[in-house]
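What follows is query_31.cif (mmCIF, C-alpha atoms).
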```cif
data_my_file
loop_
_atom_site.label_atom_id
_atom_site.label_comp_id
_atom_site.auth_asym_id
_atom_site.auth_seq_id
_atom_site.Cartn_x
_atom_site.Cartn_y
_atom_site.Cartn_z
CA MET A 1 -25.72 16.00 9.47
CA VAL A 2 -22.47 14.63 8.13
CA GLU A 3 -19.56 16.97 8.71
CA PRO A 4 -16.18 16.65 7.02
CA VAL A 5 -13.14 16.82 9.25
CA VAL A 6 -10.98 19.58 7.80
CA SER A 7 -8.33 21.64 9.54
CA SER A 8 -7.50 25.24 8.74
CA ASP A 9 -3.91 24.42 9.71
CA ALA A 10 -3.99 21.61 7.18
CA GLU A 11 -5.26 23.93 4.47
CA THR A 12 -2.45 26.34 5.23
CA THR A 13 0.07 23.52 4.97
CA VAL A 14 -1.35 22.32 1.66
CA VAL A 15 -1.42 25.82 0.22
CA ARG A 16 2.20 26.35 1.27
CA ARG A 17 3.19 23.05 -0.33
CA LEU A 18 1.29 23.89 -3.49
CA GLY A 19 3.07 27.20 -3.62
CA ASP A 20 6.38 25.36 -3.57
CA ALA A 21 5.16 23.01 -6.28
CA ARG A 22 3.96 25.84 -8.47
CA SER A 23 7.23 27.70 -8.22
CA SER A 24 9.20 24.62 -9.33
CA SER A 25 6.83 22.77 -11.64
CA VAL A 26 4.28 25.20 -13.06
CA PRO A 27 5.03 28.16 -15.37
CA LEU A 28 4.76 31.62 -13.84
CA GLY A 29 1.25 32.98 -14.20
CA ALA A 30 -0.35 29.52 -14.34
CA HIS A 31 -1.56 29.74 -10.73
CA ASP A 32 -5.07 28.56 -11.57
CA ALA A 33 -3.86 25.83 -13.92
CA VAL A 34 -2.55 23.53 -11.16
CA PRO A 35 -4.57 20.30 -11.55
CA HIS A 36 -6.81 19.49 -8.61
CA VAL A 37 -7.28 15.74 -8.01
CA MET A 38 -9.62 14.09 -5.52
CA LEU A 39 -8.19 10.91 -3.99
CA LEU A 40 -11.37 9.01 -3.08
CA SER A 41 -10.52 6.34 -0.51
CA GLY A 42 -12.26 3.77 1.61
CA ARG A 43 -11.73 3.52 5.36
CA PHE A 44 -8.09 3.65 6.33
CA GLN A 45 -6.93 0.23 7.49
CA VAL A 46 -3.73 -1.82 7.70
CA ARG A 47 -3.36 -2.07 3.93
CA GLY A 48 -0.81 -1.17 1.33
CA SER A 49 -3.60 0.60 -0.56
CA CYS A 50 -4.07 3.03 2.34
CA THR A 51 -0.35 3.75 2.55
CA TYR A 52 -0.44 4.29 -1.22
CA THR A 53 -3.08 7.02 -0.81
CA LEU A 54 -1.19 8.81 1.96
CA ARG A 55 2.06 8.75 -0.01
CA LEU A 56 0.36 10.17 -3.10
CA ALA A 57 -1.21 12.96 -1.09
CA ARG A 58 2.08 13.86 0.57
CA HIS A 59 4.22 13.90 -2.57
CA LEU A 60 1.94 14.93 -5.45
CA PRO A 61 2.33 18.68 -4.75
CA ALA A 62 6.02 18.40 -5.71
CA SER A 63 4.80 17.21 -9.14
CA GLY A 64 2.43 20.17 -9.55
CA ILE A 65 -0.75 18.36 -8.47
CA ARG A 66 -3.15 19.60 -5.79
CA PRO A 67 -4.52 16.51 -3.99
CA LEU A 68 -7.54 16.16 -1.71
CA ILE A 69 -8.27 12.96 0.22
CA VAL A 70 -11.96 12.20 0.76
CA CYS A 71 -12.84 9.09 2.78
CA PRO A 72 -15.37 7.67 5.26
CA ASN A 73 -12.94 7.36 8.16
CA ALA A 74 -9.25 8.16 8.72
CA ARG A 75 -9.14 7.75 12.50
CA LEU A 76 -6.26 5.26 12.24
CA VAL A 77 -4.12 7.93 10.60
CA GLU A 78 -2.21 10.03 13.13
CA ALA A 79 -4.05 13.25 13.94
CA THR A 80 -1.11 15.42 12.92
CA GLN A 81 -0.94 13.69 9.55
CA ARG A 82 -4.70 14.06 9.04
CA ARG A 83 -4.39 17.79 9.67
CA GLU A 84 -1.30 18.20 7.53
CA LEU A 85 -2.86 16.44 4.54
CA GLY A 86 -6.25 18.10 4.98
CA ILE A 87 -8.12 14.79 4.90
CA ARG A 88 -11.90 15.19 4.68
CA GLU A 89 -13.85 12.47 6.45
CA TYR A 90 -17.51 11.77 5.70
CA SER A 91 -19.16 9.17 7.89
CA TYR A 92 -21.37 6.71 5.98
CA LEU A 93 -19.73 7.55 2.65
CA ASP A 94 -19.33 3.81 2.08
CA VAL A 95 -22.76 2.77 3.45
CA PRO A 96 -25.26 2.14 0.60
CA PHE A 97 -28.36 3.38 2.42
CA TYR A 98 -26.80 6.76 3.27
CA ASN A 99 -24.10 7.42 0.73
CA ARG A 100 -26.22 9.31 -1.82
CA VAL A 101 -26.95 11.97 0.78
CA VAL A 102 -23.31 11.97 1.88
CA LEU A 103 -22.08 12.33 -1.70
CA GLN A 104 -24.37 15.31 -2.19
CA ARG A 105 -22.71 16.83 0.86
CA VAL A 106 -19.27 16.18 -0.64
CA VAL A 107 -20.30 18.03 -3.79
CA SER A 108 -21.74 20.91 -1.76
CA ASP A 109 -18.59 21.25 0.33
CA LEU A 110 -16.42 21.41 -2.78
CA GLY A 111 -18.11 24.64 -3.79
CA ASP A 112 -16.21 26.15 -6.69
CA GLN A 113 -13.18 23.90 -6.01
CA THR A 114 -14.37 21.11 -8.29
CA PRO A 115 -11.54 18.64 -8.90
CA ASP A 116 -10.25 18.14 -12.44
CA LEU A 117 -10.05 14.40 -11.89
CA ILE A 118 -11.25 11.77 -9.44
CA HIS A 119 -8.75 9.05 -8.58
CA VAL A 120 -10.65 6.13 -7.04
CA GLN A 121 -8.16 4.48 -4.70
CA SER A 122 -9.81 1.07 -4.48
CA ARG A 123 -12.79 -0.88 -5.78
CA ARG A 124 -14.48 -0.47 -2.40
CA VAL A 125 -15.48 3.06 -3.36
CA LEU A 126 -15.76 2.65 -7.13
CA ARG A 127 -19.53 3.16 -7.16
CA GLN A 128 -19.15 6.39 -5.20
CA GLY A 129 -16.38 7.55 -7.51
CA LYS A 130 -18.52 6.96 -10.58
CA TRP A 131 -21.41 8.89 -9.03
CA LEU A 132 -19.14 11.87 -8.33
CA ALA A 133 -17.68 11.68 -11.85
CA ARG A 134 -21.19 11.87 -13.34
CA LYS A 135 -22.36 14.60 -10.98
CA LEU A 136 -19.26 16.75 -11.45
CA ASN A 137 -18.79 15.89 -15.13
CA ARG A 138 -15.20 14.92 -14.51
CA PRO A 139 -13.09 11.92 -15.61
CA TYR A 140 -12.09 9.24 -13.14
CA ILE A 141 -9.37 6.63 -12.89
CA LEU A 142 -9.16 3.53 -10.70
CA THR A 143 -6.23 1.85 -8.96
CA VAL A 144 -6.43 -1.94 -8.53
CA HIS A 145 -4.15 -3.35 -5.85
CA ASP A 146 -5.16 -7.00 -5.81
CA TYR A 147 -7.05 -9.76 -7.59
CA LEU A 148 -10.78 -9.85 -8.20
CA SER A 149 -12.69 -12.57 -6.37
CA PRO A 150 -14.47 -15.13 -8.62
CA GLN A 151 -17.92 -13.60 -8.00
CA GLU A 152 -16.82 -9.96 -8.15
CA LYS A 153 -18.23 -7.77 -10.91
CA VAL A 154 -16.53 -4.50 -11.85
CA GLN A 155 -18.42 -2.10 -14.11
CA LEU A 156 -16.31 0.66 -15.61
CA ASN A 157 -18.99 2.31 -17.73
CA ASP A 158 -21.59 5.02 -17.02
CA PRO A 159 -19.35 6.98 -17.12
CA PRO A 160 -16.45 5.15 -18.76
CA CYS A 161 -13.26 4.86 -16.74
CA ALA A 162 -10.44 6.90 -18.30
CA GLN A 163 -7.59 4.72 -17.04
CA VAL A 164 -6.94 1.80 -14.70
CA ILE A 165 -3.71 1.58 -12.72
CA THR A 166 -2.59 -1.85 -11.53
CA VAL A 167 0.31 -2.37 -9.16
CA SER A 168 1.83 -5.32 -11.05
CA GLU A 169 1.70 -7.16 -14.37
CA SER A 170 0.10 -10.09 -12.57
CA VAL A 171 -2.79 -7.96 -11.31
CA LYS A 172 -3.13 -6.39 -14.77
CA ARG A 173 -3.51 -9.78 -16.47
CA ASP A 174 -6.04 -10.91 -13.89
CA PHE A 175 -8.07 -7.70 -14.15
CA ILE A 176 -8.23 -7.77 -17.95
CA ALA A 177 -9.15 -11.46 -18.01
CA LYS A 178 -11.98 -11.07 -15.48
CA THR A 179 -13.45 -7.76 -16.69
CA GLY A 180 -12.80 -7.85 -20.43
CA VAL A 181 -11.63 -4.23 -20.46
CA SER A 182 -9.33 -3.05 -23.22
CA PRO A 183 -5.64 -3.50 -22.33
CA GLU A 184 -5.09 0.00 -23.72
CA ILE A 185 -6.66 1.61 -20.66
CA VAL A 186 -4.74 -0.49 -18.11
CA THR A 187 -1.29 0.72 -17.03
CA VAL A 188 1.08 -0.86 -14.53
CA ILE A 189 2.50 1.61 -12.00
CA PRO A 190 4.08 -0.32 -9.11
CA SER A 191 3.59 0.99 -5.61
CA GLY A 192 6.59 3.00 -4.52
CA VAL A 193 8.39 3.09 -1.18
CA ASP A 194 10.55 5.66 0.53
CA LEU A 195 14.21 5.02 -0.23
CA LYS A 196 15.44 7.30 2.56
CA VAL A 197 15.85 4.58 5.15
CA GLU A 198 17.82 5.14 8.32
CA ALA A 199 20.93 2.99 8.62
CA ARG A 200 20.56 0.03 10.97
CA ALA A 201 22.37 0.23 14.29
CA GLU A 202 23.52 -3.38 13.85
CA PRO A 203 24.09 -5.53 10.76
CA ILE A 204 21.62 -8.20 9.70
CA LEU A 205 21.97 -11.33 11.89
CA ASP A 206 24.61 -9.71 14.04
CA PRO A 207 26.01 -12.39 16.39
CA GLY A 208 25.64 -10.03 19.32
CA HIS A 209 21.83 -10.23 19.42
CA VAL A 210 19.03 -12.78 19.17
CA PRO A 211 17.79 -13.06 15.54
CA ILE A 212 14.33 -11.67 14.90
CA ILE A 213 12.16 -13.08 12.11
CA GLY A 214 9.08 -11.07 11.23
CA THR A 215 6.10 -10.44 9.04
CA ALA A 216 3.82 -7.42 8.77
CA GLY A 217 0.56 -6.36 7.18
CA PRO A 218 -3.17 -7.02 7.47
CA LEU A 219 -3.92 -10.11 9.55
CA GLU A 220 -6.21 -11.85 7.07
CA THR A 221 -6.65 -15.41 5.85
CA VAL A 222 -5.18 -14.66 2.42
CA LYS A 223 -1.89 -13.59 4.02
CA GLY A 224 -1.10 -17.20 5.02
CA LEU A 225 0.07 -16.27 8.51
CA PRO A 226 -0.71 -19.66 10.11
CA PHE A 227 2.05 -21.06 7.88
CA PHE A 228 4.42 -18.41 9.23
CA LEU A 229 3.64 -19.54 12.79
CA GLY A 230 4.01 -23.16 11.71
CA ALA A 231 7.45 -22.35 10.32
CA ALA A 232 8.32 -20.53 13.55
CA SER A 233 7.46 -23.64 15.51
CA ARG A 234 9.70 -25.79 13.31
CA VAL A 235 12.61 -23.37 13.64
CA LEU A 236 12.24 -23.28 17.42
CA GLN A 237 12.16 -27.07 17.56
CA THR A 238 15.77 -27.06 16.37
CA GLY A 239 16.73 -25.46 19.68
CA ARG A 240 17.74 -22.11 18.18
CA ASP A 241 17.25 -18.96 20.21
CA VAL A 242 15.09 -16.92 17.82
CA GLU A 243 12.31 -14.37 18.28
CA PHE A 244 9.35 -13.80 15.95
CA ILE A 245 7.26 -10.68 15.25
CA VAL A 246 3.77 -10.44 13.73
CA SER A 247 3.05 -6.76 13.08
CA GLY A 248 -0.38 -5.61 12.01
CA ALA A 249 -4.08 -5.95 12.74
CA GLY A 250 -7.09 -7.62 11.22
CA PRO A 251 -9.84 -10.22 11.64
CA GLU A 252 -7.43 -13.14 12.09
CA GLU A 253 -5.53 -11.70 15.05
CA ALA A 254 -7.39 -13.69 17.73
CA ASN A 255 -7.02 -16.93 15.74
CA LEU A 256 -3.30 -16.33 15.25
CA ARG A 257 -2.74 -15.64 18.93
CA ARG A 258 -4.62 -18.84 19.79
CA LEU A 259 -2.54 -20.82 17.27
CA ALA A 260 0.68 -19.49 18.80
CA ARG A 261 -0.50 -20.75 22.20
CA GLU A 262 -1.50 -24.14 20.78
CA LEU A 263 1.92 -24.51 19.14
CA GLY A 264 3.57 -23.65 22.45
CA ILE A 265 5.49 -20.70 20.97
CA SER A 266 3.57 -17.71 22.36
CA SER A 267 6.54 -16.72 24.55
CA LYS A 268 8.64 -16.41 21.39
CA VAL A 269 6.09 -14.56 19.25
CA THR A 270 5.36 -10.86 19.74
CA PHE A 271 2.22 -9.35 18.22
CA VAL A 272 2.92 -5.69 17.51
CA PRO A 273 -0.11 -3.35 17.64
CA TYR A 274 -1.44 -1.75 14.48
CA MET A 275 0.53 1.06 12.87
CA LEU A 276 0.11 2.47 9.35
CA ASN A 277 3.87 2.93 9.34
CA PHE A 278 5.73 -0.37 9.80
CA SER A 279 9.19 1.17 9.85
CA GLU A 280 9.74 0.52 13.57
CA SER A 281 8.79 -3.14 13.28
CA LEU A 282 10.92 -3.62 10.17
CA SER A 283 13.93 -1.99 11.82
CA ALA A 284 13.93 -4.81 14.39
CA MET A 285 13.82 -7.65 11.86
CA ASP A 286 16.73 -9.68 10.52
CA ILE A 287 14.56 -11.64 8.06
CA PHE A 288 11.17 -10.66 6.60
CA CYS A 289 8.65 -13.33 5.58
CA LEU A 290 5.69 -12.88 3.24
CA PRO A 291 3.72 -16.17 3.42
CA SER A 292 0.75 -14.91 1.34
CA LEU A 293 -1.53 -17.30 -0.51
CA GLN A 294 -1.94 -14.61 -3.16
CA GLN A 295 -0.33 -11.18 -3.47
CA GLY A 296 -0.86 -8.26 -5.83
CA LEU A 297 2.62 -6.85 -5.21
CA GLY A 298 3.66 -6.52 -1.57
CA THR A 299 4.37 -2.94 -0.49
CA ILE A 300 5.59 -3.89 2.97
CA MET A 301 7.87 -6.49 1.41
CA LEU A 302 9.35 -3.69 -0.73
CA GLU A 303 9.87 -1.60 2.39
CA ALA A 304 11.75 -4.48 3.99
CA MET A 305 13.91 -4.84 0.89
CA ALA A 306 14.60 -1.09 0.85
CA SER A 307 16.05 -1.55 4.35
CA GLY A 308 18.36 -4.33 3.17
CA ILE A 309 16.40 -7.02 5.03
CA PRO A 310 16.51 -10.42 3.27
CA VAL A 311 13.03 -11.54 2.21
CA ILE A 312 11.48 -15.00 2.02
CA ALA A 313 8.19 -14.88 0.11
CA SER A 314 5.56 -17.19 -1.33
CA ARG A 315 5.90 -17.94 -5.01
CA VAL A 316 2.63 -16.19 -5.96
CA GLY A 317 1.27 -13.32 -8.06
CA GLY A 318 3.12 -10.04 -8.14
CA VAL A 319 5.98 -11.41 -6.02
CA TYR A 320 7.32 -12.98 -9.24
CA GLY A 321 7.97 -9.54 -10.65
CA VAL A 322 10.14 -8.58 -7.70
CA ILE A 323 11.92 -11.59 -6.18
CA HIS A 324 14.48 -13.52 -8.19
CA ASP A 325 15.07 -16.67 -6.16
CA GLN A 326 18.51 -16.95 -4.54
CA HIS A 327 19.49 -13.49 -5.81
CA ASN A 328 17.46 -10.74 -4.15
CA GLY A 329 15.23 -12.98 -2.04
CA LEU A 330 14.11 -16.54 -1.48
CA LEU A 331 10.89 -18.09 -2.80
CA VAL A 332 8.85 -20.91 -1.26
CA PRO A 333 5.60 -22.61 -2.29
CA PRO A 334 2.53 -21.10 -0.61
CA SER A 335 0.96 -22.99 2.30
CA ASN A 336 4.21 -24.78 3.12
CA SER A 337 5.53 -24.27 6.65
CA ARG A 338 8.26 -26.85 6.24
CA GLN A 339 9.95 -25.17 3.29
CA LEU A 340 9.52 -21.73 4.85
CA ALA A 341 11.25 -23.00 7.99
CA ASP A 342 14.04 -24.57 5.92
CA ARG A 343 14.70 -21.26 4.16
CA ILE A 344 14.73 -19.37 7.46
CA LEU A 345 17.27 -21.85 8.83
CA GLU A 346 19.42 -21.47 5.70
CA LEU A 347 19.76 -17.75 6.31
CA LEU A 348 20.27 -18.14 10.04
CA CYS A 349 23.17 -20.51 9.29
CA ASP A 350 24.75 -18.16 6.74
CA PRO A 351 24.56 -14.48 7.80
CA LEU A 352 26.89 -13.36 5.01
CA ARG A 353 24.58 -14.84 2.40
CA ALA A 354 21.57 -13.26 4.12
CA ARG A 355 23.23 -9.83 3.99
CA HIS A 356 24.16 -10.28 0.33
CA ILE A 357 20.57 -11.18 -0.56
CA GLY A 358 19.37 -8.16 1.40
CA GLU A 359 21.78 -5.85 -0.41
CA ASN A 360 20.61 -7.15 -3.80
CA GLY A 361 17.00 -6.57 -2.76
CA ARG A 362 17.79 -3.01 -1.73
CA ASP A 363 19.47 -2.35 -5.09
CA LEU A 364 16.40 -3.57 -7.00
CA VAL A 365 13.98 -1.42 -4.98
CA GLN A 366 16.16 1.66 -5.47
CA GLU A 367 16.16 1.08 -9.24
CA GLU A 368 12.52 0.19 -9.83
CA PHE A 369 10.27 0.88 -6.84
CA GLY A 370 11.15 4.34 -5.56
CA LEU A 371 8.33 6.53 -4.30
CA HIS A 372 9.18 9.43 -6.61
CA ARG A 373 8.93 7.15 -9.66
CA MET A 374 5.42 6.05 -8.64
CA VAL A 375 4.30 9.62 -7.95
CA GLY A 376 5.85 10.95 -11.15
CA LEU A 377 4.22 8.32 -13.36
CA THR A 378 0.87 8.87 -11.65
CA ALA A 379 1.08 12.67 -12.01
CA ASP A 380 1.90 12.25 -15.70
CA MET A 381 -1.20 10.09 -16.12
CA TYR A 382 -3.32 12.73 -14.40
CA GLN A 383 -2.07 15.36 -16.82
CA ARG A 384 -2.83 13.20 -19.86
CA VAL A 385 -6.33 12.27 -18.71
CA ILE A 386 -7.20 15.86 -17.80
CA ALA A 387 -5.86 17.18 -21.11
CA SER A 388 -7.79 14.52 -23.05
CA SER A 389 -11.06 15.25 -21.23
CA ALA A 390 -10.72 18.96 -22.02
CA LYS A 391 -10.70 18.37 -25.78
#
```

Show the structure stored in the file as structure tokens.
Amino acid sequence: MVEPVVSSDAETTVVRRLGDARSSSVPLGAHDAVPHVMLLSGRFQVRGSCTYTLRLARHLPASGIRPLIVCPNARLVEATQRRELGIREYSYLDVPFYNRVVLQRVVSDLGDQTPDLIHVQSRRVLRQGKWLARKLNRPYILTVHDYLSPQEKVQLNDPPCAQVITVSESVKRDFIAKTGVSPEIVTVIPSGVDLKVEARAEPILDPGHVPIIGTAGPLETVKGLPFFLGAASRVLQTGRDVEFIVSGAGPEEANLRRLARELGISSKVTFVPYMLNFSESLSAMDIFCLPSLQQGLGTIMLEAMASGIPVIASRVGGVYGVIHDQHNGLLVPPSNSRQLADRILELLCDPLRARHIGENGRDLVQEEFGLHRMVGLTADMYQRVIASSAK
């Protein structure tokens, strides 16, 4: 038997939050009209898409939406947060041989609390989302965080997808080109980050401490992390006293640790264990590097910018829509350790310039990538889709 993990304390918390949302966002007497949205997620991992789901669930009630996260596994989310958000976990939800039985259990557990809308959080659970949409006779929408692989097929019919959210214009163009869907159903809503960042104890590149250069995120081939370590080696060869941080987890961790040893820089590189929240790692960094080979947007990069940390990023994909070279960040060609090292050295040699770039980056994120903007635009889409499906 597959049992969902649900906490009565969590339900109490959600009900209390919904009460606050109703009092501020929903007309008096419309208690039963608060939209109920299922956030259908894959397994929680070190990914911006997982942080996206958690942030939606936490902040949607303030926009008059009642969210429910359903996923196969959320063990990497802190237990207190799982309880607070009322996350329901169903083992084998994402396993083809079992998931039909598991999905039937999801429907049974919903009882008379059928959601008004299913928001599929990633393509990994699209098939399951479509099944639930058919079974429950409800509309569904899909968020696309990255680019489709050349062999990947995405079917948005049976039932038809009401809307697709992409996190950047670059991902939108790629998705439309590879699926042939109508541009009318694809909307760009950039991932949002929390703008309430604690002030740093010391300024960027303060002369009183050893500079720390870092990167963070899933440790995967597409993230180009060997080129970050190659750049670290080049910087250290200049004789500078610099420390490097690689924060995250993933299939490439063992290879990256081995590469650091082979380059002779393992004593200068710290691998920080997995955390869904990278705020502690970012707070230690003076410069943030995003050496990705391709990138849908870069949520952790936005978090670094929100903290005023100067960013050096690969000139790829959704990064173009955020970084303006020499103004609010620095751009380098992908797969190029030499140029990445050169840009790191430029900032190390000119702390005032580094701080100015960081300040410009923070200003951009505050204007365009705030969490409340993302949540508000998403809640508005929910309302439109639900209203349209009711006609």

Find the residue from A:Val167, A:Leu60, A:Val222, A:Ala249 that sits nearest to Gly192 in chain A; use all atoms listed in the file when measuring.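 Closest to Gly192 in chain A of all the choices is A:Val167.
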
Long-range neighbours of Ile245 in chain A as a JSON list (two decimals) with C-alpha atoms, in the coordinates of the input, 9 Å cut-off, only C-alpha atoms, 4 positions minimum in chain:
```
[["chain", "number", "residue", "atom", "x", "y", "z"],
["A", 212, "ILE", "CA", 14.33, -11.67, 14.90],
["A", 213, "ILE", "CA", 12.16, -13.08, 12.11],
["A", 214, "GLY", "CA", 9.08, -11.07, 11.23],
["A", 215, "THR", "CA", 6.10, -10.44, 9.04],
["A", 216, "ALA", "CA", 3.82, -7.42, 8.77],
["A", 268, "LYS", "CA", 8.64, -16.41, 21.39],
["A", 269, "VAL", "CA", 6.09, -14.56, 19.25],
["A", 270, "THR", "CA", 5.36, -10.86, 19.74],
["A", 271, "PHE", "CA", 2.22, -9.35, 18.22],
["A", 272, "VAL", "CA", 2.92, -5.69, 17.51],
["A", 281, "SER", "CA", 8.79, -3.14, 13.28],
["A", 284, "ALA", "CA", 13.93, -4.81, 14.39],
["A", 285, "MET", "CA", 13.82, -7.65, 11.86]]
```

Gap from CA of Ala177 in chain A to CA of Cys161 in chain A - Å, one decimal: 16.9 Å

Can you pull out every residue within 6 Å of range 67-79 of chain A, counting all atoms listed in the file, but drop anything in the same chain fewer than 3 positions away, and send it as a compact mmCIF listing (two decimals) with C-alpha atoms, in the coordinates of the input?
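Output saved as selection-v3.txt:
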```txt
# COMPACT_ATOMS: atom_id res chain seq x y z
CA HIS A 36 -6.81 19.49 -8.61
CA VAL A 37 -7.28 15.74 -8.01
CA MET A 38 -9.62 14.09 -5.52
CA LEU A 39 -8.19 10.91 -3.99
CA LEU A 40 -11.37 9.01 -3.08
CA SER A 41 -10.52 6.34 -0.51
CA GLY A 42 -12.26 3.77 1.61
CA ARG A 43 -11.73 3.52 5.36
CA PHE A 44 -8.09 3.65 6.33
CA ALA A 57 -1.21 12.96 -1.09
CA ARG A 82 -4.70 14.06 9.04
CA ILE A 87 -8.12 14.79 4.90
CA ARG A 88 -11.90 15.19 4.68
CA GLU A 89 -13.85 12.47 6.45
CA TYR A 90 -17.51 11.77 5.70
CA SER A 91 -19.16 9.17 7.89
CA LEU A 93 -19.73 7.55 2.65
```

Run through the PyMOL selection byres ((chain A and resi 144) around 9) on the given coordinates and return the selected residues as a PyMOL selection string. chain A and resi 49+121-123+142-143+145-147+164-167+171-172+175+296

From (14.1, 0.6, 6.2), in the file's coordinates, out to 7 Å: which residues are reached, counting only C-alpha atoms? Answer as a ChimeraX atom specification. /A:197-198,279,282-283,303-304,306-307

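Considering only C-alpha atoms, the residue among A:Gln366, A:Ser292, A:Gln104, A:Gln128 positioned nearest to Asn336 in chain A is A:Ser292.
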
Tell me, as an MDAnalysis selection string, which residues lie within 7 Å of Gln295 in chain A, counting all atoms listed in the file; anything in the same chain fewer than 4 positions away does not count. chainID A and resid 146 316:319

Requested write-out: C-alpha atoms of the selected residues, as a JSON list (two decimals), in the coordinates of the input:
```json
[["chain", "number", "residue", "atom", "x", "y", "z"],
["A", 146, "ASP", "CA", -5.16, -7.00, -5.81],
["A", 316, "VAL", "CA", 2.63, -16.19, -5.96],
["A", 317, "GLY", "CA", 1.27, -13.32, -8.06],
["A", 318, "GLY", "CA", 3.12, -10.04, -8.14],
["A", 319, "VAL", "CA", 5.98, -11.41, -6.02]]
```

For a test of reading the model, state the distance in Å between CA of Arg66 in chain A and CA of Phe369 in chain A, rounded to one decimal.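 Calculated distance between CA of Arg66 in chain A and CA of Phe369 in chain A is 23.1 Å.
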
Atom pair CA of Val193 in chain A / CA of Gly298 in chain A: separation (Å):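 Going from CA of Val193 in chain A over to CA of Gly298 in chain A, I get 10.7 Å.
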
Using the chain letters and numbering of this document, enumerate as a PyMOL selection string the residues selected by the PyMOL selection byres ((chain A and resi 141) around 10). chain A and resi 39+117-121+126+129-130+133+139-140+142-143+156+160-165+185-186+381-382+385

Once N, CA and C atoms are restored for range 361-376 of chain A, what would the output be as a PDB file, in the frame of the given file?
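selection.pdb written:
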```pdb
ATOM      1  N   GLY A 361      18.390  -7.025  -2.820  1.00  0.00           N
ATOM      2  CA  GLY A 361      17.000  -6.570  -2.760  1.00  0.00           C
ATOM      3  C   GLY A 361      16.905  -5.062  -2.673  1.00  0.00           C
ATOM      4  N   ARG A 362      17.780  -4.468  -1.859  1.00  0.00           N
ATOM      5  CA  ARG A 362      17.790  -3.010  -1.730  1.00  0.00           C
ATOM      6  C   ARG A 362      18.133  -2.350  -3.063  1.00  0.00           C
ATOM      7  N   ASP A 363      19.080  -2.909  -3.790  1.00  0.00           N
ATOM      8  CA  ASP A 363      19.470  -2.350  -5.090  1.00  0.00           C
ATOM      9  C   ASP A 363      18.295  -2.364  -6.066  1.00  0.00           C
ATOM     10  N   LEU A 364      17.539  -3.468  -6.083  1.00  0.00           N
ATOM     11  CA  LEU A 364      16.400  -3.570  -7.000  1.00  0.00           C
ATOM     12  C   LEU A 364      15.337  -2.528  -6.660  1.00  0.00           C
ATOM     13  N   VAL A 365      15.013  -2.386  -5.382  1.00  0.00           N
ATOM     14  CA  VAL A 365      13.980  -1.420  -4.980  1.00  0.00           C
ATOM     15  C   VAL A 365      14.413  -0.008  -5.339  1.00  0.00           C
ATOM     16  N   GLN A 366      15.674   0.324  -5.129  1.00  0.00           N
ATOM     17  CA  GLN A 366      16.160   1.660  -5.470  1.00  0.00           C
ATOM     18  C   GLN A 366      16.046   1.929  -6.968  1.00  0.00           C
ATOM     19  N   GLU A 367      16.224   0.909  -7.786  1.00  0.00           N
ATOM     20  CA  GLU A 367      16.160   1.080  -9.240  1.00  0.00           C
ATOM     21  C   GLU A 367      14.732   1.158  -9.763  1.00  0.00           C
ATOM     22  N   GLU A 368      13.823   0.369  -9.195  1.00  0.00           N
ATOM     23  CA  GLU A 368      12.520   0.190  -9.830  1.00  0.00           C
ATOM     24  C   GLU A 368      11.304   0.574  -8.992  1.00  0.00           C
ATOM     25  N   PHE A 369      11.455   0.712  -7.679  1.00  0.00           N
ATOM     26  CA  PHE A 369      10.270   0.880  -6.840  1.00  0.00           C
ATOM     27  C   PHE A 369      10.351   2.098  -5.920  1.00  0.00           C
ATOM     28  N   GLY A 370      11.065   3.130  -6.353  1.00  0.00           N
ATOM     29  CA  GLY A 370      11.150   4.340  -5.560  1.00  0.00           C
ATOM     30  C   GLY A 370       9.832   5.098  -5.556  1.00  0.00           C
ATOM     31  N   LEU A 371       9.565   5.771  -4.459  1.00  0.00           N
ATOM     32  CA  LEU A 371       8.330   6.530  -4.300  1.00  0.00           C
ATOM     33  C   LEU A 371       8.186   7.618  -5.355  1.00  0.00           C
ATOM     34  N   HIS A 372       9.270   8.323  -5.664  1.00  0.00           N
ATOM     35  CA  HIS A 372       9.180   9.430  -6.610  1.00  0.00           C
ATOM     36  C   HIS A 372       8.855   8.928  -8.017  1.00  0.00           C
ATOM     37  N   ARG A 373       9.281   7.729  -8.347  1.00  0.00           N
ATOM     38  CA  ARG A 373       8.930   7.150  -9.660  1.00  0.00           C
ATOM     39  C   ARG A 373       7.425   6.908  -9.724  1.00  0.00           C
ATOM     40  N   MET A 374       6.856   6.301  -8.669  1.00  0.00           N
ATOM     41  CA  MET A 374       5.420   6.050  -8.640  1.00  0.00           C
ATOM     42  C   MET A 374       4.631   7.357  -8.753  1.00  0.00           C
ATOM     43  N   VAL A 375       5.013   8.346  -7.953  1.00  0.00           N
ATOM     44  CA  VAL A 375       4.300   9.620  -7.950  1.00  0.00           C
ATOM     45  C   VAL A 375       4.430  10.318  -9.297  1.00  0.00           C
ATOM     46  N   GLY A 376       5.635  10.297  -9.862  1.00  0.00           N
ATOM     47  CA  GLY A 376       5.850  10.950 -11.150  1.00  0.00           C
ATOM     48  C   GLY A 376       5.027  10.334 -12.268  1.00  0.00           C
TER      49      GLY A 376
END
```
